[in-house]
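Novice: Dropping in coords_28.cif, which is mmCIF, C-alpha atoms:
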```cif
data_query
#
loop_
_atom_site.label_atom_id
_atom_site.label_comp_id
_atom_site.auth_asym_id
_atom_site.auth_seq_id
_atom_site.Cartn_x
_atom_site.Cartn_y
_atom_site.Cartn_z
CA MET A 1 -12.94 43.06 -8.01
CA PRO A 2 -10.22 41.77 -5.64
CA VAL A 3 -9.59 38.02 -5.75
CA LYS A 4 -9.86 36.23 -2.38
CA LEU A 5 -6.68 34.17 -2.11
CA PRO A 6 -6.85 30.73 -0.46
CA THR A 7 -5.23 30.12 2.91
CA LEU A 8 -2.16 27.89 3.04
CA ASP A 9 -1.31 25.73 6.05
CA ALA A 10 1.83 27.12 7.69
CA VAL A 11 2.99 23.75 9.06
CA ILE A 12 2.51 21.77 5.85
CA HIS A 13 3.73 24.51 3.52
CA ALA A 14 7.46 23.80 4.08
CA PRO A 15 8.61 21.76 1.04
CA ASN A 16 9.96 18.78 3.00
CA ARG A 17 6.88 18.56 5.23
CA LEU A 18 4.63 18.83 2.18
CA GLN A 19 6.57 15.95 0.61
CA ILE A 20 6.35 13.87 3.80
CA CYS A 21 2.57 14.39 3.90
CA ALA A 22 2.30 13.53 0.18
CA VAL A 23 4.04 10.20 0.84
CA LEU A 24 1.95 9.46 3.91
CA THR A 25 -1.43 10.40 2.43
CA PRO A 26 -2.20 7.16 0.51
CA LEU A 27 -0.64 5.05 3.26
CA GLU A 28 -1.80 3.67 6.55
CA GLU A 29 1.74 4.07 7.84
CA ALA A 30 5.29 4.23 6.51
CA GLU A 31 8.62 3.29 7.99
CA PHE A 32 11.13 6.08 8.65
CA GLN A 33 13.70 4.57 6.32
CA MET A 34 11.22 4.51 3.44
CA LEU A 35 10.19 8.11 4.13
CA ARG A 36 13.81 9.22 4.22
CA GLU A 37 14.63 7.49 0.93
CA THR A 38 11.48 8.66 -0.86
CA VAL A 39 11.74 12.29 0.18
CA GLY A 40 15.52 12.26 -0.14
CA ILE A 41 16.49 13.81 3.18
CA SER A 42 18.74 12.83 6.06
CA ASP A 43 17.61 11.11 9.26
CA SER A 44 18.05 14.25 11.34
CA VAL A 45 16.10 16.47 8.92
CA LEU A 46 13.33 13.87 8.73
CA SER A 47 13.17 13.60 12.53
CA LYS A 48 12.98 17.39 12.84
CA HIS A 49 10.09 17.66 10.37
CA ILE A 50 8.24 14.69 11.82
CA LYS A 51 8.55 16.25 15.28
CA HIS A 52 7.10 19.50 13.90
CA LEU A 53 4.19 17.60 12.32
CA GLN A 54 3.70 15.64 15.55
CA ASP A 55 3.57 18.86 17.59
CA ALA A 56 0.94 20.21 15.19
CA GLY A 57 -1.14 17.06 15.75
CA SER A 58 -0.79 15.96 12.12
CA VAL A 59 1.34 12.85 12.46
CA LYS A 60 1.60 9.99 14.93
CA VAL A 61 4.77 7.98 15.43
CA ARG A 62 4.91 4.36 16.51
CA LYS A 63 8.08 2.55 17.54
CA GLY A 64 8.35 -1.18 17.85
CA ALA A 65 10.60 -4.17 17.50
CA GLU A 66 9.61 -6.36 14.59
CA ASN A 67 11.51 -9.55 13.84
CA GLY A 68 14.25 -8.50 16.20
CA ARG A 69 14.72 -5.11 14.53
CA GLN A 70 13.77 -1.72 15.92
CA ARG A 71 11.48 0.05 13.45
CA THR A 72 9.77 3.44 13.57
CA TRP A 73 6.55 4.07 11.70
CA ALA A 74 4.78 7.35 10.97
CA ARG A 75 1.15 7.90 10.04
CA LEU A 76 -0.88 10.91 8.97
CA ILE A 77 -3.79 11.25 11.39
CA GLY A 78 -7.22 12.83 10.88
CA ARG A 79 -6.24 16.41 11.60
CA GLY A 80 -3.12 16.19 9.44
CA ARG A 81 -5.07 14.61 6.61
CA GLN A 82 -7.66 17.42 6.72
CA ALA A 83 -4.94 20.07 6.80
CA PHE A 84 -3.12 18.43 3.90
CA ASN A 85 -6.29 18.17 1.81
CA ALA A 86 -7.10 21.83 2.49
CA HIS A 87 -3.55 22.82 1.60
CA VAL A 88 -3.69 20.89 -1.69
CA ALA A 89 -7.05 22.49 -2.49
CA ALA A 90 -5.47 25.91 -1.88
CA LEU A 91 -2.54 25.04 -4.16
CA GLN A 92 -4.98 23.91 -6.86
CA GLU A 93 -6.80 27.18 -6.55
CA ILE A 94 -3.57 29.16 -6.86
CA ALA A 95 -2.40 27.03 -9.81
CA SER A 96 -5.72 27.61 -11.55
CA LEU A 97 -5.04 31.37 -11.49
CA ALA A 98 -2.43 30.78 -14.17
CA ARG A 99 -5.08 29.37 -16.47
CA THR A 100 -7.58 32.19 -15.95
CA MET B 1 12.24 27.11 11.74
CA THR B 2 9.73 29.78 10.82
CA ASP B 3 6.14 29.16 9.86
CA ARG B 4 5.59 32.30 7.83
CA VAL B 5 3.75 31.33 4.65
CA GLU B 6 5.05 32.88 1.47
CA ARG B 7 2.35 32.61 -1.13
CA PRO B 8 3.60 30.61 -4.12
CA THR B 9 3.13 31.78 -7.68
CA PRO B 10 0.68 29.77 -9.80
CA GLN B 11 3.65 28.09 -11.49
CA GLU B 12 5.17 27.14 -8.12
CA ALA B 13 1.80 25.82 -6.95
CA ALA B 14 1.48 23.71 -10.11
CA ALA B 15 5.01 22.34 -9.58
CA ALA B 16 4.16 21.49 -5.95
CA LEU B 17 1.02 19.65 -7.08
CA ASP B 18 3.06 17.66 -9.63
CA SER B 19 5.53 16.75 -6.90
CA ILE B 20 2.68 15.64 -4.60
CA GLU B 21 1.21 13.46 -7.35
CA HIS B 22 4.61 11.91 -8.07
CA LEU B 23 5.35 11.17 -4.41
CA THR B 24 1.88 9.70 -3.87
CA GLN B 25 2.47 7.28 -6.74
CA VAL B 26 5.94 6.38 -5.43
CA ALA B 27 4.48 5.71 -1.97
CA LEU B 28 1.82 3.47 -3.47
CA ARG B 29 4.41 1.54 -5.46
CA ARG B 30 6.35 0.92 -2.23
CA GLY B 31 3.22 -0.02 -0.29
CA LEU B 32 1.34 -2.23 -2.71
CA HIS B 33 2.31 -5.78 -3.60
CA SER B 34 4.18 -6.20 -6.87
CA ARG B 35 3.01 -8.18 -9.89
CA TRP B 36 5.78 -10.70 -9.11
CA PHE B 37 4.41 -11.17 -5.62
CA ALA B 38 0.90 -11.73 -7.05
CA ALA B 39 2.27 -14.29 -9.54
CA SER B 40 4.26 -16.15 -6.84
CA VAL B 41 1.32 -16.33 -4.43
CA SER B 42 -0.97 -17.48 -7.24
CA LEU B 43 1.40 -20.27 -8.28
CA TRP B 44 1.77 -21.36 -4.66
CA ALA B 45 -2.02 -21.44 -4.17
CA GLY B 46 -2.37 -23.29 -7.49
CA ALA B 47 0.10 -25.94 -6.26
CA ILE B 48 -1.93 -26.39 -3.05
CA ALA B 49 -5.09 -26.75 -5.15
CA VAL B 50 -3.42 -29.42 -7.35
CA ALA B 51 -2.33 -31.36 -4.23
CA THR B 52 -5.81 -31.08 -2.71
CA ALA B 53 -7.54 -32.09 -5.97
CA TYR B 54 -5.30 -35.18 -6.35
CA ASP B 55 -5.83 -36.66 -2.92
CA GLY B 56 -8.47 -34.50 -1.24
CA PRO B 57 -8.00 -33.86 2.46
CA ALA B 58 -5.83 -37.00 2.58
CA ALA B 59 -2.98 -35.12 0.93
CA SER B 60 -2.16 -33.60 4.28
CA GLY B 61 1.61 -34.20 4.09
CA GLY B 62 2.11 -32.38 0.79
CA ILE B 63 -0.29 -29.60 1.71
CA ALA B 64 1.37 -29.13 5.10
CA ALA B 65 4.79 -28.85 3.41
CA LEU B 66 3.44 -26.32 0.90
CA LEU B 67 1.72 -24.34 3.66
CA ALA B 68 4.84 -24.33 5.85
CA GLY B 69 6.97 -23.17 2.91
CA GLY B 70 4.42 -20.48 2.10
CA VAL B 71 4.16 -19.24 5.66
CA LEU B 72 7.95 -19.02 5.91
CA TRP B 73 8.12 -17.12 2.62
CA VAL B 74 5.37 -14.67 3.65
CA ALA B 75 7.13 -14.13 7.00
CA LEU B 76 10.35 -13.25 5.15
CA TRP B 77 8.40 -10.99 2.77
CA ARG B 78 6.72 -9.18 5.67
CA ARG B 79 10.13 -8.23 7.08
CA ARG B 80 10.69 -6.16 3.95
CA ILE B 81 7.44 -4.21 4.21
CA VAL B 82 8.19 -0.50 4.63
CA ALA B 83 4.74 0.96 3.98
CA ARG B 84 1.16 -0.14 4.45
CA VAL B 85 -1.49 1.15 2.07
CA ARG B 86 -4.74 2.52 3.49
CA ASN B 87 -8.06 0.71 3.12
CA VAL B 88 -6.55 -2.65 2.18
CA ASP B 89 -7.55 -5.29 4.68
CA GLY B 90 -4.83 -7.89 4.11
CA ALA B 91 -6.13 -10.32 6.74
CA VAL B 92 -9.67 -10.42 5.27
CA THR B 93 -8.28 -10.77 1.71
CA ALA B 94 -5.97 -13.62 2.79
CA ALA B 95 -8.79 -15.41 4.65
CA ALA B 96 -11.17 -15.11 1.65
CA ALA B 97 -8.45 -16.34 -0.71
CA SER B 98 -7.64 -19.33 1.55
CA VAL B 99 -11.29 -20.38 1.71
CA GLY B 100 -11.60 -19.97 -2.07
CA VAL B 101 -8.51 -22.10 -2.76
CA LEU B 102 -9.73 -24.84 -0.41
CA VAL B 103 -13.29 -24.89 -1.84
CA ILE B 104 -12.10 -24.99 -5.47
CA GLY B 105 -9.49 -27.63 -4.52
CA LEU B 106 -12.11 -29.84 -2.84
CA LEU B 107 -14.48 -29.41 -5.80
CA GLY B 108 -11.62 -30.46 -8.09
CA ALA B 109 -10.94 -33.47 -5.85
CA ARG B 110 -14.59 -34.50 -6.04
CA ALA B 111 -14.64 -34.08 -9.83
CA PHE B 112 -11.40 -36.11 -10.12
CA GLU B 113 -12.93 -38.84 -7.96
CA VAL B 114 -16.11 -39.00 -10.09
CA TYR B 115 -14.66 -38.58 -13.59
CA GLY B 116 -11.09 -39.79 -13.08
CA LEU B 117 -9.67 -37.43 -15.69
CA SER B 118 -5.94 -37.03 -15.03
CA TRP B 119 -5.84 -33.38 -16.12
CA LEU B 120 -8.57 -32.30 -13.69
CA PRO B 121 -6.26 -31.58 -10.70
CA PHE B 122 -3.99 -29.47 -12.91
CA ALA B 123 -6.98 -27.64 -14.38
CA THR B 124 -8.14 -26.98 -10.80
CA GLY B 125 -4.73 -25.58 -9.90
CA GLY B 126 -4.73 -23.47 -13.06
CA VAL B 127 -8.16 -22.03 -12.25
CA VAL B 128 -7.10 -21.21 -8.68
CA ALA B 129 -3.81 -19.60 -9.79
CA ALA B 130 -5.48 -17.56 -12.56
CA ALA B 131 -8.39 -16.45 -10.35
CA LEU B 132 -6.08 -15.41 -7.51
CA PHE B 133 -3.71 -13.55 -9.84
CA VAL B 134 -6.62 -11.64 -11.44
CA ALA B 135 -8.07 -10.83 -7.98
CA LEU B 136 -4.70 -9.53 -6.71
CA GLU B 137 -4.20 -7.44 -9.85
CA VAL B 138 -7.71 -5.96 -9.58
CA LEU B 139 -7.05 -5.15 -5.91
CA ARG B 140 -3.72 -3.48 -6.79
CA ARG B 141 -5.16 -1.42 -9.66
CA ALA B 142 -8.30 -0.43 -7.74
CA THR B 143 -6.20 0.73 -4.77
CA ARG B 144 -3.92 2.77 -7.05
CA ALA B 145 -6.88 4.31 -8.87
CA ARG B 146 -8.60 5.19 -5.59
CA ALA B 147 -5.42 6.71 -4.21
CA ALA B 148 -4.87 8.68 -7.42
CA GLY B 149 -8.04 10.55 -6.53
CA CYS B 150 -6.67 11.55 -3.14
CA PRO B 151 -6.21 14.01 -1.63
#
```
Using structure tokens, write down the structure that the file contains.

Specialist:
Amino acid sequence: MPVKLPTLDAVIHAPNRLQICAVLTPLEEAEFQMLRETVGISDSVLSKHIKHLQDAGSVKVRKGAENGRQRTWARLIGRGRQAFNAHVAALQEIASLART
Amino acid sequence: MTDRVERPTPQEAAAALDSIEHLTQVALRRGLHSRWFAASVSLWAGAIAVATAYDGPAASGGIAALLAGGVLWVALWRRRIVARVRNVDGAVTAAAASVGVLVIGLLGARAFEVYGLSWLPFATGGVVAAALFVALEVLRRATRARAAGCP
């Protein structure tokens, strides 16, 4: 009998975007600098991926001056969170194929 | 940038899940307060409780100095925040802790007034510091455990 394979989210599937979502998922919001350091990518690459996630309606970006310093914060919003959870569930399903 | 999804092998999927788990834990470590922060806040609150228990509300000078120092320190600490963890209401926690410190401090002051035992204010401060440290640790561990279950 053919096995029905789970669907992966095209936007989140890219390794860097998956990592960005993984960092954002337990957080309310994270500063760009922290995201860049944690994922280990450059500013320009991070901006490009965040823009892609923003366009997909997964991430919201907030800019603001705090204590005289310009800071940019990113947060995973409802749709992005759902997509990420579904993507992780699909990965779990695929990973479980190795055990069966 | 293309959005064509290449299906990963089970081994690649397992590696991606491990990476997600690792990054989630790293994010939590960056977002949650450290044990050192919990210890410092607890000692500070304990010092306020000792001052309150010694002189009651009359110890306004010492308490004001401690509060001002604490507020300045928290303001400096907030500048270093780079991530905020979900479902942790810092304002409510801080308000509940402040009320708790004040109530225990005033109870200590009353007990000191009635019994006159010199160690009572220090015991009050110790109780406040220990209770606050335990509460902050429980909050930290509970948040990490809850987040470990996500997504």

Novice: Show me, as a tab-separated table, the residues of chain B having an atom within 8 Å of chain A, each with the closest atom pair and its distance in Å, using all atoms listed in the file.

Specialist:
```
residue	atom	partner	partner_atom	distance
B:Asp3	CA	A:Ala10	CA	5.2
B:Arg4	CA	A:Ala10	CA	6.4
B:Val5	CA	A:Ala10	CA	5.5
B:Arg7	CA	A:Leu8	CA	7.7
B:Pro8	CA	A:Ile94	CA	7.8
B:Thr9	CA	A:Ile94	CA	7.2
B:Pro10	CA	A:Ala95	CA	4.1
B:Gln11	CA	A:Ala95	CA	6.4
B:Glu12	CA	A:Ala95	CA	7.8
B:Ala13	CA	A:Leu91	CA	5.2
B:Ala14	CA	A:Ala95	CA	5.1
B:Ala16	CA	A:Leu91	CA	7.8
B:Leu17	CA	A:Leu91	CA	7.1
B:Ser19	CA	A:Gln19	CA	7.6
B:Ile20	CA	A:Ala22	CA	5.2
B:Glu21	CA	A:Ala22	CA	7.6
B:Leu23	CA	A:Val23	CA	5.5
B:Thr24	CA	A:Val23	CA	5.2
B:Val26	CA	A:Thr38	CA	7.5
B:Ala27	CA	A:Val23	CA	5.3
B:Leu28	CA	A:Pro26	CA	6.8
B:Gly31	CA	A:Leu27	CA	7.3
B:Arg79	CA	A:Asn67	CA	7.0
B:Val82	CA	A:Glu31	CA	5.1
B:Ala83	CA	A:Ala30	CA	4.2
B:Arg84	CA	A:Glu28	CA	5.3
B:Val85	CA	A:Leu27	CA	4.2
B:Arg86	CA	A:Glu28	CA	4.4
B:Asn87	CA	A:Glu28	CA	7.7
B:Ala147	CA	A:Pro26	CA	5.7
B:Cys150	CA	A:Pro26	CA	7.3
B:Pro151	CA	A:Asn85	CA	5.4
```

Novice: Using Å and a single decimal, report how far atom CA of Leu43 of chain B sits from atom CA of Gly100 of chain B.

Specialist: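 So the answer is 14.4 Å.
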
Novice: If the PyMOL selection byres ((chain B and resi 108) around 9) is run on the structure shown, which residues does it catch, given as a PyMOL selection string?

Specialist: chain B and resi 49-50+52-54+56+103-107+109-113+120-121+123-125

Novice: Please produce a file of the residues just selected, as a PDB file, keeping the file's coordinate frame, where the atoms kept are C-alpha atoms.

Specialist:
```
ATOM      1  CA  ALA B  49      -5.090 -26.750  -5.150  1.00  0.00           C
ATOM      2  CA  VAL B  50      -3.420 -29.420  -7.350  1.00  0.00           C
ATOM      3  CA  THR B  52      -5.810 -31.080  -2.710  1.00  0.00           C
ATOM      4  CA  ALA B  53      -7.540 -32.090  -5.970  1.00  0.00           C
ATOM      5  CA  TYR B  54      -5.300 -35.180  -6.350  1.00  0.00           C
ATOM      6  CA  GLY B  56      -8.470 -34.500  -1.240  1.00  0.00           C
ATOM      7  CA  VAL B 103     -13.290 -24.890  -1.840  1.00  0.00           C
ATOM      8  CA  ILE B 104     -12.100 -24.990  -5.470  1.00  0.00           C
ATOM      9  CA  GLY B 105      -9.490 -27.630  -4.520  1.00  0.00           C
ATOM     10  CA  LEU B 106     -12.110 -29.840  -2.840  1.00  0.00           C
ATOM     11  CA  LEU B 107     -14.480 -29.410  -5.800  1.00  0.00           C
ATOM     12  CA  ALA B 109     -10.940 -33.470  -5.850  1.00  0.00           C
ATOM     13  CA  ARG B 110     -14.590 -34.500  -6.040  1.00  0.00           C
ATOM     14  CA  ALA B 111     -14.640 -34.080  -9.830  1.00  0.00           C
ATOM     15  CA  PHE B 112     -11.400 -36.110 -10.120  1.00  0.00           C
ATOM     16  CA  GLU B 113     -12.930 -38.840  -7.960  1.00  0.00           C
ATOM     17  CA  LEU B 120      -8.570 -32.300 -13.690  1.00  0.00           C
ATOM     18  CA  PRO B 121      -6.260 -31.580 -10.700  1.00  0.00           C
ATOM     19  CA  ALA B 123      -6.980 -27.640 -14.380  1.00  0.00           C
ATOM     20  CA  THR B 124      -8.140 -26.980 -10.800  1.00  0.00           C
ATOM     21  CA  GLY B 125      -4.730 -25.580  -9.900  1.00  0.00           C
TER      22      GLY B 125
END
```

Novice: Around segment 23-27 of chain B, fit a box with edges along x, y and z, padding it by 6 Å on each side, then list its centre and edge lengths in Å to one decimal as AutoDock Vina command-line options.

Specialist:
```
--center_x 3.9 --center_y 8.4 --center_z -4.4 --size_x 16.1 --size_y 17.5 --size_z 16.8
```

Novice: Mind pulling up the distance from atom CA of Ala130 of chain B to atom CA of Arg144 of chain B?

Specialist: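 These atoms are spaced 21.1 Å apart.
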
Novice: Excluding Ser58 of chain A and any residue of its chain fewer than 5 positions from it, enumerate the residues within 6 Å of it, using only C-alpha atoms, and give them as a ChimeraX atom specification.

Specialist: /A:53,76-77,79-80

Novice: Between atom CA of Val128 of chain B and atom CA of Gly46 of chain B, what is the spacing in Å?

Specialist: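 If I compute the distance from atom CA of Gly46 of chain B to atom CA of Val128 of chain B, I get 5.3 Å.
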
Novice: I need every residue sitting at most 6 Å from the point (-6.5, -19.2, -7.4) (coordinates as in the file, all atoms listed in the file considered), written as a list of chain:residue names.

Specialist: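 So the residues meeting the distance criterion are B:Ser42, B:Ala45, B:Gly46, B:Val101, B:Val127, B:Val128, B:Ala129, B:Ala130, B:Ala131, B:Leu132.
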
Novice: Go ahead and write the selection's residues with C-alpha atoms as an mmCIF file, keeping the file's coordinate frame.

Specialist:
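After the write, out25.cif holds the following:
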```
data_model
loop_
_atom_site.group_PDB
_atom_site.id
_atom_site.type_symbol
_atom_site.label_atom_id
_atom_site.label_comp_id
_atom_site.auth_asym_id
_atom_site.auth_seq_id
_atom_site.Cartn_x
_atom_site.Cartn_y
_atom_site.Cartn_z
ATOM 1 C CA SER B 42 -0.970 -17.480 -7.240
ATOM 2 C CA ALA B 45 -2.020 -21.440 -4.170
ATOM 3 C CA GLY B 46 -2.370 -23.290 -7.490
ATOM 4 C CA VAL B 101 -8.510 -22.100 -2.760
ATOM 5 C CA VAL B 127 -8.160 -22.030 -12.250
ATOM 6 C CA VAL B 128 -7.100 -21.210 -8.680
ATOM 7 C CA ALA B 129 -3.810 -19.600 -9.790
ATOM 8 C CA ALA B 130 -5.480 -17.560 -12.560
ATOM 9 C CA ALA B 131 -8.390 -16.450 -10.350
ATOM 10 C CA LEU B 132 -6.080 -15.410 -7.510
#
```
